[in-house]
Every structure is written in structure tokens, then in C-alpha cells.
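Colleague: Here you go, one structure.
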Amino acid sequence: MTTKSMTTTPLLTVEHLTMRFGGLVAVNDVSFSANNGEITAIIGPNGAGKTTLFNCITGFYTPTVGRLTLRHADGKEFLLERMPGYRISQKASVARTFQNIRLFGGMSVLENLIVAQHNKLIRASGFSIAGLLGLPSYTRTEREAVELAKYWLDRVRLLEFADWEAGNLPYGAQRRLEIARAMCTEPVMLCLDEPAAGLNPRESGELADLLTYIRDEHKIGVLLIEHDMSVVMSISDHVVVLDYGRKISDGDPAFVKNDPAVIRAYLGEEEDEDLPPEIKADLPEVAKRAGEGA
Ligand SMILES: Nc1ncnc2c1ncn2[C@@H]1O[C@H](COP(=O)(O)OP(=O)(O)OP(=O)(O)O)[C@@H](O)[C@H]1O
């Protein structure tokens, strides 16, 4: 665990989380914490339980066992394992993106970002048609919603595409739009499931810049599942490693890269030739030695 992590109150505390699907234990007694103003990466080989963990945090699954506590800066606490998904996004202010992009493809780029702000707009309307038609609070909130959408479109370099159908954007742009849409909900924690998947190296670099901007300028917690080790190791403050559902390592990038348990998990017993090049490139000398000795 990093020194920084130990000195701040965690935004998210995961305690003894277990998720079973029948006889399969996808997440097995996992505990860790994630801080505000930090990027926490969850890494691990395919099938390690990363997405299942995300699905528990964001209310898609109710964990079999365990406690998930989210603490807002004002001290308000939310026990996420007891909340349905829509309340986790609405009340606990947790936003997420998905491995497979889930935009409203037939809506414009701008509309995608306005729809994301539906909750505050409907509140400002006083939940009435009359409100939608004329309440000053609604008009003001609507104007602010457009301003926020424009701010994030600018951040992700999509302002000039505001009127495009979202489904017609190139793949990398759709990934950026998903992050912009999540940020328009003004989350305290942003959960990103493989945001670099399918991006070229230039786009991955830009994604890394965007995530560090979100962390540094907006001071929220970012939880990141990612296979692209160049992204993970360059921007994460804290890395949690899963393998076969269990946590096998937890610390800052330098610690995790050198942890023999991580090296073994990625190399396997006899599979050093199959190690993904991006991991091979990033693991230190000790990893290569371990591979040679396997
Ligand atoms: N809804 C489900 N029902 C049954 N088994 C599931 C379900 N979801 C996930 N699993 C299983 O749980 C294990 C962990 O899967 P999960 O998708 O969480 O891994 P992952 O680390 O995200 O993998 P990847 O990196 O390939 O996305 C796998 O064995 C998977 O087949």
C-alpha cells in the first residue's frame, strides 16, 4: 500500500468481498481501499474477477458476502452492497463505463451528455410538465447542463462533433464520449472498464492524459480495469492485482511490478512465451529472469 493511501480516508472500502455463481467463486474474499484524488487500477489475467468486482461495486450484482462502503467528502456513507444500481449512480454518485461501449448511438453526441444529466433536470422541473415548460429553476439548470456538456466535449476534443450521431463517431471518439458522459453525472467515483481496449498507442496516451486530468483537476477517485500495462503503470497511484478471484498483490506500481506473485500470475507456469508484449515490456528484469527460469 502506498504511503499516500494510508494517510487519507478511503473513498471506497471493500471488505471481504465474495461473489459466487453457483459453484464458481468469481471474487474470493477480496479487500482493498481506493482513495479520493487517486487512480486505483484493478489488474489481473483474463477471468481473474475484475469485471465481477466492478459489477458488485456498481450494483449490477449483489455480492454473496462482503461490505462495500463509499464515503463522500461530507462524511455521508453508502453501503453499496445494499443498494440497487440506479441508486448507486443517483445517490452515491458512482459512474461507470463498460467494456463494450454503451452509448445512445442514434442520439447526437450532445444529447448523450444531456441525457446523462436527466436526474438533476427532472428535479429542477419539480417533477411536473408545468416545470418543464416554464420554471426558472428548470431553465437555469438546463442551461447549466448544456454548459457542463460543452465543457466535457471540449475536454475530450469532441466539441466540433456535438451534432453528430454518437453511433457514427470513430471508435476511439466513442470511448472518449463515454467518459465525458460519465463525468457529466458529476461522480465522486468513476469506474472505467478497459477504457483503452481497441485504442491505438496515440489514443491510449491521450486517454492517460485525460484520466490524470480528471484525477488532478476534479479530485475524484478513479477505479480502472485495464489490460494495457503502459497506461496502468504510468498513471496509477495504486494497483490491486487479482488472480482466480483472489487478491494477490496491492501497492504502488513499482511495488506491484516487482512482486513475484504478480510475475508468476502473468507468466504462468509454462507460458512465458505467451506473455502479452505490453506486459513483457513493462515487467522489470526480475520478471524476465523468472520467465527464463520457468
Ligand atoms: N454472470 C456470470 N455467471 C457465471 N459466471 C460468471 C458470470 N460473470 C462472470 N463469470 C465468471 O467469473 C469469472 C470472472 O469473470 P470476470 O469477467 O469478472 O473476469 P475478468 O477479470 O473481468 O476477465 P477479463 O479480463 O477477461 O474481462 C470467470 O470465470 C467468468 O466466466
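Following the order of the C-alpha cells, first chain is A, next is B, and so on, with residues numbered from 1 inside each chain and ligands from 1 in the order they appear.
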Name all residues at most 7 Å from Tyr244 of chain A (count only C-alpha atoms; drop same-chain ones fewer than 4 positions away) and give them as a ChimeraX atom specification.
Modeller: /A:47-49
Colleague: Please, could you write that set of residues out with N, CA and C atoms as a compact mmCIF listing (two decimals), in the first residue's frame?
Modeller:
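What ended up in selection20.txt:
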```
# COMPACT_ATOMS: atom_id res chain seq x y z
N GLY A 47 -10.35 -13.45 -16.77
CA GLY A 47 -11.14 -14.29 -15.88
C GLY A 47 -10.78 -14.15 -14.41
N ALA A 48 -9.95 -13.16 -14.07
CA ALA A 48 -9.48 -13.01 -12.68
C ALA A 48 -10.58 -12.50 -11.75
N GLY A 49 -11.64 -11.92 -12.31
CA GLY A 49 -12.75 -11.43 -11.47
C GLY A 49 -12.90 -9.92 -11.45
```
Colleague: Residues within 12 Å of Glu186 of chain A, please, as a list in words. Count only C-alpha atoms; anything in the same chain fewer than 6 positions from it doesn't count.
Modeller: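 Returned residues: Ser89, Gln90, Lys91, Ala92, Ser93, Val94, Ala95, Arg96, Leu113, Ala116, Gln117, Asn119, Lys120, Ala145, Leu148, Ala149, Trp152, Ile179, Ala180, Ile214, His218, Lys219, Ile220 and Gly221 of chain A.
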Colleague: Per residue of chain A within 9 Å of ligand 1, which atom pair is closest and at what distance in Å (one decimal), using only C-alpha atoms and all ligand atoms, listed by chain and increasing number, as a Markdown table?
Modeller:
```
| residue | atom | partner | partner_atom_place_in_ligand_line | distance |
| --- | --- | --- | --- | --- |
| A:Met19 | CA | ligand 1 | 12 (O) | 8.6 |
| A:Arg20 | CA | ligand 1 | 5 (N) | 8.0 |
| A:Phe21 | CA | ligand 1 | 4 (C) | 5.0 |
| A:Gly22 | CA | ligand 1 | 4 (C) | 7.5 |
| A:Leu24 | CA | ligand 1 | 5 (N) | 6.8 |
| A:Val25 | CA | ligand 1 | 12 (O) | 7.0 |
| A:Ala26 | CA | ligand 1 | 12 (O) | 4.1 |
| A:Val27 | CA | ligand 1 | 14 (C) | 7.1 |
| A:Ile42 | CA | ligand 1 | 21 (O) | 8.9 |
| A:Ile43 | CA | ligand 1 | 21 (O) | 7.6 |
| A:Gly44 | CA | ligand 1 | 21 (O) | 6.2 |
| A:Pro45 | CA | ligand 1 | 25 (O) | 5.9 |
| A:Asn46 | CA | ligand 1 | 26 (O) | 3.6 |
| A:Gly47 | CA | ligand 1 | 19 (O) | 3.4 |
| A:Ala48 | CA | ligand 1 | 21 (O) | 3.7 |
| A:Gly49 | CA | ligand 1 | 18 (O) | 3.3 |
| A:Lys50 | CA | ligand 1 | 21 (O) | 3.8 |
| A:Thr51 | CA | ligand 1 | 22 (O) | 3.7 |
| A:Thr52 | CA | ligand 1 | 18 (O) | 3.7 |
| A:Leu53 | CA | ligand 1 | 18 (O) | 6.4 |
| A:Phe54 | CA | ligand 1 | 18 (O) | 8.0 |
| A:Asn55 | CA | ligand 1 | 18 (O) | 8.2 |
| A:Tyr61 | CA | ligand 1 | 1 (N) | 8.6 |
| A:Gln99 | CA | ligand 1 | 27 (O) | 7.8 |
| A:Asp193 | CA | ligand 1 | 22 (O) | 8.5 |
| A:Glu194 | CA | ligand 1 | 27 (O) | 8.2 |
| A:Ile225 | CA | ligand 1 | 22 (O) | 8.0 |
| A:Glu226 | CA | ligand 1 | 25 (O) | 8.1 |
| A:His227 | CA | ligand 1 | 25 (O) | 7.3 |
| A:Leu242 | CA | ligand 1 | 21 (O) | 7.5 |
| A:Asp243 | CA | ligand 1 | 21 (O) | 7.9 |
| A:Tyr244 | CA | ligand 1 | 14 (C) | 7.5 |
| A:Gly245 | CA | ligand 1 | 14 (C) | 6.8 |
```
Colleague: Could you go through segment 21-232 of chain A and tell me which residues DSSP, when run on the backbone, assigns to strand (DSSP E or B), listing them as a PyMOL selection string?
Modeller: chain A and resi 21+24-35+39-43+65-71+77-79+94-97+108+165+189-193+221-225
Colleague: I need the residues from that last selection saved to file as a compact mmCIF listing (two decimals), in the first residue's frame (with N, CA and C atoms), if you can.
Modeller:
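Saved file selection-v1.txt follows:
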```
# COMPACT_ATOMS: atom_id res chain seq x y z
N PHE A 21 -20.99 -17.67 -8.41
CA PHE A 21 -22.00 -18.02 -9.42
C PHE A 21 -22.14 -19.54 -9.32
N LEU A 24 -18.93 -21.62 -8.91
CA LEU A 24 -17.75 -20.83 -9.29
C LEU A 24 -17.60 -19.60 -8.40
N VAL A 25 -16.41 -19.45 -7.81
CA VAL A 25 -16.16 -18.28 -6.97
C VAL A 25 -15.39 -17.26 -7.82
N ALA A 26 -16.13 -16.28 -8.35
CA ALA A 26 -15.51 -15.32 -9.28
C ALA A 26 -14.67 -14.30 -8.54
N VAL A 27 -15.12 -13.90 -7.34
CA VAL A 27 -14.35 -12.99 -6.48
C VAL A 27 -14.33 -13.63 -5.10
N ASN A 28 -13.11 -13.76 -4.55
CA ASN A 28 -12.95 -14.59 -3.37
C ASN A 28 -12.30 -13.81 -2.21
N ASP A 29 -13.12 -13.31 -1.30
CA ASP A 29 -12.62 -12.68 -0.08
C ASP A 29 -11.63 -11.54 -0.36
N VAL A 30 -12.04 -10.63 -1.23
CA VAL A 30 -11.16 -9.52 -1.65
C VAL A 30 -11.40 -8.29 -0.78
N SER A 31 -10.34 -7.71 -0.25
CA SER A 31 -10.42 -6.45 0.50
C SER A 31 -9.37 -5.47 -0.04
N PHE A 32 -9.76 -4.23 -0.20
CA PHE A 32 -8.81 -3.16 -0.55
C PHE A 32 -9.54 -1.83 -0.38
N SER A 33 -8.79 -0.74 -0.48
CA SER A 33 -9.46 0.56 -0.45
C SER A 33 -8.96 1.42 -1.61
N ALA A 34 -9.79 2.39 -1.98
CA ALA A 34 -9.44 3.32 -3.06
C ALA A 34 -9.68 4.73 -2.55
N ASN A 35 -8.74 5.62 -2.84
CA ASN A 35 -8.80 6.98 -2.30
C ASN A 35 -9.31 8.00 -3.29
N ILE A 39 -5.89 7.38 -8.77
CA ILE A 39 -6.31 6.36 -9.74
C ILE A 39 -5.92 5.00 -9.17
N THR A 40 -6.92 4.17 -8.94
CA THR A 40 -6.69 2.80 -8.45
C THR A 40 -6.98 1.85 -9.59
N ALA A 41 -5.97 1.09 -10.00
CA ALA A 41 -6.16 0.14 -11.10
C ALA A 41 -6.41 -1.25 -10.54
N ILE A 42 -7.34 -1.95 -11.16
CA ILE A 42 -7.58 -3.36 -10.84
C ILE A 42 -7.08 -4.14 -12.04
N ILE A 43 -6.03 -4.92 -11.84
CA ILE A 43 -5.49 -5.68 -12.97
C ILE A 43 -5.50 -7.17 -12.63
N VAL A 65 -21.11 -12.24 -0.27
CA VAL A 65 -20.63 -11.84 1.06
C VAL A 65 -19.81 -10.56 0.87
N GLY A 66 -19.79 -9.74 1.92
CA GLY A 66 -18.86 -8.61 1.90
C GLY A 66 -19.53 -7.27 2.06
N ARG A 67 -18.69 -6.29 2.36
CA ARG A 67 -19.18 -4.93 2.58
C ARG A 67 -18.43 -3.98 1.66
N LEU A 68 -19.20 -3.04 1.06
CA LEU A 68 -18.63 -2.05 0.15
C LEU A 68 -19.07 -0.69 0.65
N THR A 69 -18.15 0.06 1.26
CA THR A 69 -18.53 1.35 1.84
C THR A 69 -17.94 2.49 1.02
N LEU A 70 -18.83 3.39 0.57
CA LEU A 70 -18.38 4.59 -0.14
C LEU A 70 -18.59 5.78 0.78
N ARG A 71 -17.55 6.60 0.97
CA ARG A 71 -17.65 7.77 1.85
C ARG A 71 -17.49 9.04 1.04
N GLU A 77 -22.07 8.21 4.32
CA GLU A 77 -21.62 6.87 3.94
C GLU A 77 -22.71 6.08 3.22
N PHE A 78 -22.30 5.31 2.25
CA PHE A 78 -23.25 4.48 1.50
C PHE A 78 -22.74 3.04 1.51
N LEU A 79 -23.62 2.12 1.90
CA LEU A 79 -23.27 0.70 1.85
C LEU A 79 -23.75 0.17 0.50
N VAL A 94 -21.70 7.27 -8.15
CA VAL A 94 -20.69 6.43 -8.78
C VAL A 94 -21.07 6.28 -10.25
N ALA A 95 -20.13 6.58 -11.15
CA ALA A 95 -20.40 6.45 -12.58
C ALA A 95 -19.51 5.36 -13.16
N ARG A 96 -19.97 4.71 -14.21
CA ARG A 96 -19.13 3.69 -14.82
C ARG A 96 -19.24 3.69 -16.33
N THR A 97 -18.20 3.14 -16.95
CA THR A 97 -18.27 2.84 -18.38
C THR A 97 -18.09 1.34 -18.53
N SER A 108 -27.63 12.43 -30.72
CA SER A 108 -26.44 13.22 -31.03
C SER A 108 -25.45 13.10 -29.86
N GLU A 165 -24.36 12.07 -34.92
CA GLU A 165 -24.94 10.91 -34.24
C GLU A 165 -23.81 10.18 -33.54
N MET A 189 -16.89 9.00 -7.79
CA MET A 189 -16.00 7.91 -8.20
C MET A 189 -16.37 7.48 -9.62
N LEU A 190 -15.35 7.37 -10.46
CA LEU A 190 -15.53 6.99 -11.86
C LEU A 190 -14.92 5.61 -12.05
N CYS A 191 -15.74 4.65 -12.48
CA CYS A 191 -15.27 3.27 -12.69
C CYS A 191 -15.17 3.02 -14.19
N LEU A 192 -13.99 2.69 -14.67
CA LEU A 192 -13.77 2.52 -16.11
C LEU A 192 -13.34 1.09 -16.40
N ASP A 193 -14.15 0.40 -17.20
CA ASP A 193 -13.85 -0.99 -17.52
C ASP A 193 -13.15 -1.06 -18.87
N GLY A 221 -12.15 10.00 -7.22
CA GLY A 221 -11.47 8.71 -7.27
C GLY A 221 -11.75 8.05 -8.60
N VAL A 222 -10.71 7.49 -9.20
CA VAL A 222 -10.89 6.75 -10.46
C VAL A 222 -10.52 5.29 -10.21
N LEU A 223 -11.44 4.40 -10.56
CA LEU A 223 -11.20 2.96 -10.44
C LEU A 223 -11.11 2.44 -11.86
N LEU A 224 -10.02 1.77 -12.16
CA LEU A 224 -9.70 1.47 -13.56
C LEU A 224 -9.39 0.00 -13.73
N ILE A 225 -10.18 -0.70 -14.56
CA ILE A 225 -9.78 -2.04 -15.01
C ILE A 225 -9.08 -1.85 -16.33
```
Colleague: To one decimal in Å, tell me the separation between atom CA of Glu144 of chain A and atom CA of Val109 of chain A.
Modeller: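 That distance, rounded to one decimal, is 16.9 Å.
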Colleague: One decimal, in Å: what's the spacing between atom CA of Arg82 of chain A and atom CA of Ser249 of chain A?
Modeller: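 About the pair atom CA of Arg82 of chain A and atom CA of Ser249 of chain A: they are 27.3 Å apart.
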Colleague: Kindly indicate which residue among A:Gly23, A:Pro260, A:Pro195, A:Gly37 lies nearest to His238 of chain A, using only C-alpha atoms for the distances.
Modeller: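 Between A:Gly23, A:Pro260, A:Pro195, A:Gly37, the residue approaching His238 of chain A most closely is A:Gly37.
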Colleague: Residues of segment 59-175 of chain A in helix (DSSP H, G or I) according to DSSP, as a VMD selection string?
Modeller: chain A and resid 80 to 82 85 to 90 109 to 115 118 to 124 129 to 134 136 to 155 159 to 161 166 to 168 171 to 175
Colleague: Let me make sure I understand: among A:Asp250, A:Glu147, A:Asp228, A:Glu217, which one has the smallest atom-to-atom distance to Gly205 of chain A if we use only C-alpha atoms?
Modeller: A:Asp228
Colleague: I'd like the interatomic distance between atom CA of Met183 of chain A and atom CA of Ala162 of chain A, to a tenth of an Å.
Modeller: 16.1 Å
Colleague: Considering only C-alpha atoms, can you say which of A:Thr139, A:Val146, A:Glu38, A:Met83 comes closest to Leu211 of chain A?
Modeller: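 Ranking A:Thr139, A:Val146, A:Glu38, A:Met83 by distance to Leu211 of chain A, first place goes to A:Glu38.
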